[in-house]
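Inspection log for the structure reproduced underneath, given as structure tokens.
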Amino acid sequence: MTDNQKADRPGRLSAEPRVVDGVRVVTVRGEIDHDVRDVLSQALLGTNDAVPPRIVVDLSGVTFMDSSGINVFVAAYQQVSAAQGWLRIAGAQDSVLGVLQLVGVDDVIPCHPTLDQALDT
């Protein structure tokens, strides 16, 4: 894909972090692939040196994810685990959940059907 083609697809990923009861909740919408992995990683872990100890990623608005997303989630999981924290995934659509299950990420990172369930666990 050329840079012009990328420019023709503005906003194909949005990742909005917020804090809910001390948990960093990142609502992601669009497509997760190689071109947006840095945006996703920054939204999950922030831009400062302090790793958020508890993160829930709401994937209900994600329509596509390739191995780049898997790599970001595994790296984030390793960082929060090293800080005695946790990472949870919420609301993944069937196609995205299938990718997570195919590579076994759901065995390491808990996947919940809804954001509320991920926050309440």
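Identifiers in the structure tokens: chain A, B, ... in order shown; residue index from 1 per chain; ligand index from 1 in order shown.
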Compile the contact shell of Val20 of chain A as a list of chain:residue names: residues with an atom at most 12 Å away, counting only C-alpha atoms, same-chain residues fewer than 3 positions apart removed. A:Pro17, A:Val23, A:Arg24, A:Val25, A:Val26, A:Thr27, A:Arg54, A:Ile55, A:Val56, A:Leu115, A:Asp116, A:Ala118, A:Leu119, A:Asp120
Go ahead and write the selection's residues with N, CA and C atoms as an mmCIF file, in the first residue's frame.
data_model
loop_
_atom_site.group_PDB
_atom_site.id
_atom_site.type_symbol
_atom_site.label_atom_id
_atom_site.label_comp_id
_atom_site.auth_asym_id
_atom_site.auth_seq_id
_atom_site.Cartn_x
_atom_site.Cartn_y
_atom_site.Cartn_z
ATOM 1 N N PRO A 17 -8.325 6.565 24.873
ATOM 2 C CA PRO A 17 -8.163 6.140 26.270
ATOM 3 C C PRO A 17 -8.932 7.044 27.234
ATOM 4 N N VAL A 23 -9.141 2.283 36.172
ATOM 5 C CA VAL A 23 -8.743 1.373 35.095
ATOM 6 C C VAL A 23 -8.644 2.174 33.798
ATOM 7 N N ARG A 24 -7.546 1.991 33.077
ATOM 8 C CA ARG A 24 -7.409 2.638 31.763
ATOM 9 C C ARG A 24 -8.246 1.840 30.775
ATOM 10 N N VAL A 25 -9.278 2.469 30.221
ATOM 11 C CA VAL A 25 -10.149 1.842 29.227
ATOM 12 C C VAL A 25 -9.827 2.479 27.883
ATOM 13 N N VAL A 26 -9.464 1.635 26.923
ATOM 14 C CA VAL A 26 -9.136 2.124 25.588
ATOM 15 C C VAL A 26 -10.191 1.591 24.624
ATOM 16 N N THR A 27 -10.983 2.510 24.074
ATOM 17 C CA THR A 27 -12.016 2.137 23.111
ATOM 18 C C THR A 27 -11.419 2.266 21.718
ATOM 19 N N ARG A 54 -3.616 -1.338 35.127
ATOM 20 C CA ARG A 54 -4.825 -2.085 34.750
ATOM 21 C C ARG A 54 -5.405 -1.472 33.486
ATOM 22 N N ILE A 55 -5.596 -2.332 32.456
ATOM 23 C CA ILE A 55 -6.076 -1.852 31.165
ATOM 24 C C ILE A 55 -7.174 -2.774 30.644
ATOM 25 N N VAL A 56 -8.242 -2.183 30.161
ATOM 26 C CA VAL A 56 -9.270 -2.911 29.423
ATOM 27 C C VAL A 56 -9.332 -2.309 28.026
ATOM 28 N N LEU A 115 -17.735 -4.717 27.876
ATOM 29 C CA LEU A 115 -16.870 -3.848 28.663
ATOM 30 C C LEU A 115 -17.214 -3.945 30.143
ATOM 31 N N ASP A 116 -18.490 -3.936 30.472
ATOM 32 C CA ASP A 116 -18.896 -4.030 31.883
ATOM 33 C C ASP A 116 -18.380 -5.300 32.528
ATOM 34 N N ALA A 118 -15.726 -7.015 31.661
ATOM 35 C CA ALA A 118 -14.272 -6.903 31.808
ATOM 36 C C ALA A 118 -13.901 -6.021 33.009
ATOM 37 N N LEU A 119 -14.677 -4.974 33.240
ATOM 38 C CA LEU A 119 -14.401 -4.085 34.366
ATOM 39 C C LEU A 119 -14.794 -4.700 35.699
ATOM 40 N N ASP A 120 -15.815 -5.550 35.697
ATOM 41 C CA ASP A 120 -16.341 -6.111 36.945
ATOM 42 C C ASP A 120 -15.629 -7.373 37.389
#
Identify all residues of segment 13-113 of chain A in alpha helix (DSSP H) (DSSP on the backbone) and supply them as a short mmCIF file (atom, residue, chain, number, x, y, z; two decimals) with N, CA and C atoms, in the first residue's frame.
data_model
loop_
_atom_site.label_atom_id
_atom_site.label_comp_id
_atom_site.auth_asym_id
_atom_site.auth_seq_id
_atom_site.Cartn_x
_atom_site.Cartn_y
_atom_site.Cartn_z
N ARG A 37 -0.14 0.04 14.34
CA ARG A 37 0.27 -0.62 15.59
C ARG A 37 0.85 0.36 16.61
N ASP A 38 1.57 1.39 16.14
CA ASP A 38 2.14 2.36 17.07
C ASP A 38 1.05 3.20 17.74
N VAL A 39 0.03 3.54 16.99
CA VAL A 39 -1.10 4.30 17.54
C VAL A 39 -1.78 3.48 18.64
N LEU A 40 -2.00 2.21 18.37
CA LEU A 40 -2.63 1.33 19.35
C LEU A 40 -1.76 1.17 20.59
N SER A 41 -0.48 0.95 20.39
CA SER A 41 0.44 0.77 21.50
C SER A 41 0.47 2.01 22.39
N GLN A 42 0.54 3.18 21.81
CA GLN A 42 0.53 4.43 22.59
C GLN A 42 -0.76 4.60 23.36
N ALA A 43 -1.88 4.25 22.75
CA ALA A 43 -3.17 4.37 23.44
C ALA A 43 -3.24 3.43 24.63
N LEU A 44 -2.67 2.24 24.49
CA LEU A 44 -2.70 1.27 25.59
C LEU A 44 -1.77 1.66 26.73
N LEU A 45 -0.55 2.01 26.38
CA LEU A 45 0.47 2.19 27.41
C LEU A 45 0.77 3.64 27.74
N SER A 67 -1.95 -9.90 12.63
CA SER A 67 -0.97 -10.28 13.65
C SER A 67 -0.32 -9.07 14.32
N SER A 68 -0.36 -7.92 13.69
CA SER A 68 0.20 -6.71 14.31
C SER A 68 -0.53 -6.39 15.61
N GLY A 69 -1.84 -6.56 15.61
CA GLY A 69 -2.62 -6.34 16.83
C GLY A 69 -2.27 -7.34 17.91
N ILE A 70 -2.10 -8.59 17.50
CA ILE A 70 -1.70 -9.63 18.45
C ILE A 70 -0.38 -9.23 19.12
N ASN A 71 0.58 -8.80 18.31
CA ASN A 71 1.89 -8.42 18.84
C ASN A 71 1.78 -7.26 19.83
N VAL A 72 0.95 -6.27 19.52
CA VAL A 72 0.76 -5.13 20.43
C VAL A 72 0.15 -5.60 21.74
N PHE A 73 -0.87 -6.45 21.67
CA PHE A 73 -1.51 -6.92 22.89
C PHE A 73 -0.57 -7.76 23.75
N VAL A 74 0.20 -8.62 23.13
CA VAL A 74 1.15 -9.45 23.89
C VAL A 74 2.22 -8.57 24.55
N ALA A 75 2.75 -7.60 23.83
CA ALA A 75 3.75 -6.69 24.40
C ALA A 75 3.16 -5.89 25.56
N ALA A 76 1.95 -5.39 25.40
CA ALA A 76 1.29 -4.64 26.47
C ALA A 76 1.04 -5.53 27.67
N TYR A 77 0.59 -6.76 27.41
CA TYR A 77 0.36 -7.72 28.50
C TYR A 77 1.64 -7.95 29.29
N GLN A 78 2.75 -8.13 28.60
CA GLN A 78 4.03 -8.36 29.27
C GLN A 78 4.43 -7.17 30.12
N GLN A 79 4.21 -5.97 29.61
CA GLN A 79 4.59 -4.77 30.36
C GLN A 79 3.72 -4.58 31.60
N VAL A 80 2.41 -4.75 31.47
CA VAL A 80 1.55 -4.56 32.64
C VAL A 80 1.74 -5.68 33.65
N SER A 81 2.01 -6.88 33.17
CA SER A 81 2.26 -8.00 34.09
C SER A 81 3.53 -7.77 34.89
N ALA A 82 4.55 -7.22 34.25
CA ALA A 82 5.81 -6.91 34.94
C ALA A 82 5.59 -5.85 36.02
N ASP A 94 -16.83 -11.35 16.38
CA ASP A 94 -16.48 -12.74 16.09
C ASP A 94 -15.22 -12.88 15.25
N SER A 95 -15.06 -12.05 14.22
CA SER A 95 -13.88 -12.17 13.35
C SER A 95 -12.60 -11.86 14.11
N VAL A 96 -12.63 -10.87 14.97
CA VAL A 96 -11.46 -10.48 15.76
C VAL A 96 -11.22 -11.50 16.87
N LEU A 97 -12.29 -11.94 17.52
CA LEU A 97 -12.16 -12.95 18.56
C LEU A 97 -11.58 -14.24 17.98
N GLY A 98 -11.97 -14.57 16.76
CA GLY A 98 -11.43 -15.75 16.10
C GLY A 98 -9.92 -15.68 15.93
N VAL A 99 -9.41 -14.51 15.59
CA VAL A 99 -7.96 -14.32 15.46
C VAL A 99 -7.30 -14.49 16.82
N LEU A 100 -7.88 -13.90 17.86
CA LEU A 100 -7.33 -14.03 19.21
C LEU A 100 -7.31 -15.49 19.66
N GLN A 101 -8.36 -16.21 19.35
CA GLN A 101 -8.44 -17.62 19.74
C GLN A 101 -7.52 -18.50 18.91
N LEU A 102 -7.37 -18.19 17.64
CA LEU A 102 -6.54 -18.98 16.74
C LEU A 102 -5.10 -19.06 17.23
N VAL A 105 -4.20 -16.22 22.22
CA VAL A 105 -4.09 -15.04 23.07
C VAL A 105 -5.16 -15.07 24.16
N ASP A 106 -6.33 -15.61 23.84
CA ASP A 106 -7.41 -15.65 24.82
C ASP A 106 -7.07 -16.57 26.01
N ASP A 107 -6.05 -17.42 25.87
CA ASP A 107 -5.59 -18.25 26.99
C ASP A 107 -4.72 -17.45 27.95
N VAL A 108 -4.15 -16.35 27.47
CA VAL A 108 -3.23 -15.53 28.27
C VAL A 108 -3.90 -14.23 28.73
#
Using DSSP on the backbone coordinates, identify all residues within segment 7-74 of chain A classified as strand (DSSP E); present the result as a PyMOL selection string.
chain A and resi 13-20+23-32+54-65
Let's have the selection written as a short mmCIF file (atom, residue, chain, number, x, y, z; two decimals), in the first residue's frame, with N, CA, C and O atoms.
data_model
loop_
_atom_site.label_atom_id
_atom_site.label_comp_id
_atom_site.auth_asym_id
_atom_site.auth_seq_id
_atom_site.Cartn_x
_atom_site.Cartn_y
_atom_site.Cartn_z
N LEU A 13 -8.39 3.98 12.09
CA LEU A 13 -8.31 3.47 13.45
C LEU A 13 -8.40 4.65 14.41
O LEU A 13 -7.72 5.65 14.24
N SER A 14 -9.26 4.51 15.39
CA SER A 14 -9.26 5.47 16.49
C SER A 14 -9.12 4.67 17.77
O SER A 14 -9.69 3.59 17.91
N ALA A 15 -8.34 5.20 18.68
CA ALA A 15 -8.11 4.56 19.97
C ALA A 15 -8.19 5.66 21.03
O ALA A 15 -7.30 6.50 21.12
N GLU A 16 -9.27 5.64 21.78
CA GLU A 16 -9.54 6.69 22.76
C GLU A 16 -9.38 6.16 24.18
O GLU A 16 -10.22 5.39 24.64
N PRO A 17 -8.32 6.57 24.87
CA PRO A 17 -8.16 6.14 26.27
C PRO A 17 -8.93 7.04 27.23
O PRO A 17 -9.09 8.24 26.99
N ARG A 18 -9.43 6.45 28.29
CA ARG A 18 -10.05 7.19 29.38
C ARG A 18 -9.86 6.36 30.65
O ARG A 18 -9.46 5.20 30.57
N VAL A 19 -10.14 6.92 31.80
CA VAL A 19 -9.99 6.20 33.06
C VAL A 19 -11.37 5.99 33.67
O VAL A 19 -12.15 6.95 33.80
N VAL A 20 -11.66 4.75 34.03
CA VAL A 20 -12.92 4.39 34.66
C VAL A 20 -12.58 3.64 35.95
O VAL A 20 -12.01 2.55 35.92
N VAL A 23 -9.14 2.28 36.17
CA VAL A 23 -8.74 1.37 35.10
C VAL A 23 -8.64 2.17 33.80
O VAL A 23 -9.55 2.93 33.47
N ARG A 24 -7.55 1.99 33.08
CA ARG A 24 -7.41 2.64 31.76
C ARG A 24 -8.25 1.84 30.77
O ARG A 24 -7.99 0.67 30.53
N VAL A 25 -9.28 2.47 30.22
CA VAL A 25 -10.15 1.84 29.23
C VAL A 25 -9.83 2.48 27.88
O VAL A 25 -9.89 3.70 27.74
N VAL A 26 -9.46 1.63 26.92
CA VAL A 26 -9.14 2.12 25.59
C VAL A 26 -10.19 1.59 24.62
O VAL A 26 -10.30 0.38 24.43
N THR A 27 -10.98 2.51 24.07
CA THR A 27 -12.02 2.14 23.11
C THR A 27 -11.42 2.27 21.72
O THR A 27 -10.99 3.35 21.32
N VAL A 28 -11.40 1.15 21.01
CA VAL A 28 -10.76 1.09 19.70
C VAL A 28 -11.84 0.87 18.63
O VAL A 28 -12.73 0.04 18.80
N ARG A 29 -11.71 1.62 17.54
CA ARG A 29 -12.64 1.47 16.41
C ARG A 29 -11.85 1.46 15.11
O ARG A 29 -10.89 2.21 14.97
N GLY A 30 -12.28 0.61 14.19
CA GLY A 30 -11.64 0.58 12.88
C GLY A 30 -10.90 -0.72 12.63
O GLY A 30 -11.35 -1.79 13.05
N GLU A 31 -9.76 -0.62 11.98
CA GLU A 31 -8.96 -1.78 11.59
C GLU A 31 -7.59 -1.71 12.26
O GLU A 31 -6.96 -0.66 12.27
N ILE A 32 -7.15 -2.85 12.79
CA ILE A 32 -5.83 -2.93 13.42
C ILE A 32 -4.92 -3.73 12.49
O ILE A 32 -5.16 -4.91 12.25
N ARG A 54 -3.62 -1.34 35.13
CA ARG A 54 -4.82 -2.09 34.75
C ARG A 54 -5.41 -1.47 33.49
O ARG A 54 -5.70 -0.28 33.46
N ILE A 55 -5.60 -2.33 32.46
CA ILE A 55 -6.08 -1.85 31.16
C ILE A 55 -7.17 -2.77 30.64
O ILE A 55 -7.02 -4.00 30.68
N VAL A 56 -8.24 -2.18 30.16
CA VAL A 56 -9.27 -2.91 29.42
C VAL A 56 -9.33 -2.31 28.03
O VAL A 56 -9.44 -1.09 27.88
N VAL A 57 -9.24 -3.16 27.02
CA VAL A 57 -9.32 -2.72 25.63
C VAL A 57 -10.68 -3.12 25.09
O VAL A 57 -11.00 -4.31 25.02
N ASP A 58 -11.49 -2.13 24.74
CA ASP A 58 -12.82 -2.37 24.17
C ASP A 58 -12.68 -2.47 22.66
O ASP A 58 -12.44 -1.48 21.98
N LEU A 59 -12.80 -3.69 22.13
CA LEU A 59 -12.64 -3.94 20.70
C LEU A 59 -13.98 -4.06 19.97
O LEU A 59 -14.00 -4.52 18.82
N SER A 60 -15.06 -3.64 20.58
CA SER A 60 -16.37 -3.81 19.96
C SER A 60 -16.50 -3.07 18.62
O SER A 60 -17.31 -3.44 17.78
N GLY A 61 -15.68 -2.04 18.41
CA GLY A 61 -15.73 -1.29 17.17
C GLY A 61 -14.65 -1.68 16.17
O GLY A 61 -14.47 -1.01 15.16
N VAL A 62 -13.93 -2.76 16.44
CA VAL A 62 -12.86 -3.20 15.54
C VAL A 62 -13.41 -4.23 14.57
O VAL A 62 -13.98 -5.24 14.97
N THR A 63 -13.22 -3.97 13.28
CA THR A 63 -13.77 -4.84 12.24
C THR A 63 -12.73 -5.77 11.63
O THR A 63 -13.08 -6.74 10.96
N PHE A 64 -11.44 -5.48 11.86
CA PHE A 64 -10.37 -6.31 11.30
C PHE A 64 -9.15 -6.18 12.19
O PHE A 64 -8.85 -5.11 12.71
N MET A 65 -8.45 -7.31 12.36
CA MET A 65 -7.18 -7.29 13.09
C MET A 65 -6.27 -8.36 12.51
O MET A 65 -6.69 -9.50 12.33
#
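One finds atom CA of Gly22 of chain A at 9.2 Å from atom CA of Pro53 of chain A.
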Using only C-alpha atoms, the best pick from A:Gly104, A:Arg12, A:Asp21, A:His112 as closest to Asp35 of chain A would be A:Arg12
Practice prompt. In Å, rounded to a single decimal, give me how far atom CA of Ala92 of chain A is from atom CA of Gly46 of chain A.
Written response: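 Atom CA of Gly46 of chain A sits 21.8 Å away from atom CA of Ala92 of chain A.
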Item checked: Point-to-point distance from atom CA of Gln84 of chain A to atom CA of Thr121 of chain A, Å rounded to tenths ->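 Taking atom CA of Gln84 of chain A as the start and atom CA of Thr121 of chain A as the end point, the length is 16.4 Å.
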Using only C-alpha atoms, which of the listed residues (A:Pro113, A:Val103, A:Gln93, A:Asp66) sits closest to Asp33 of chain A?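 Distance minimum relative to Asp33 of chain A lands on A:Asp66.
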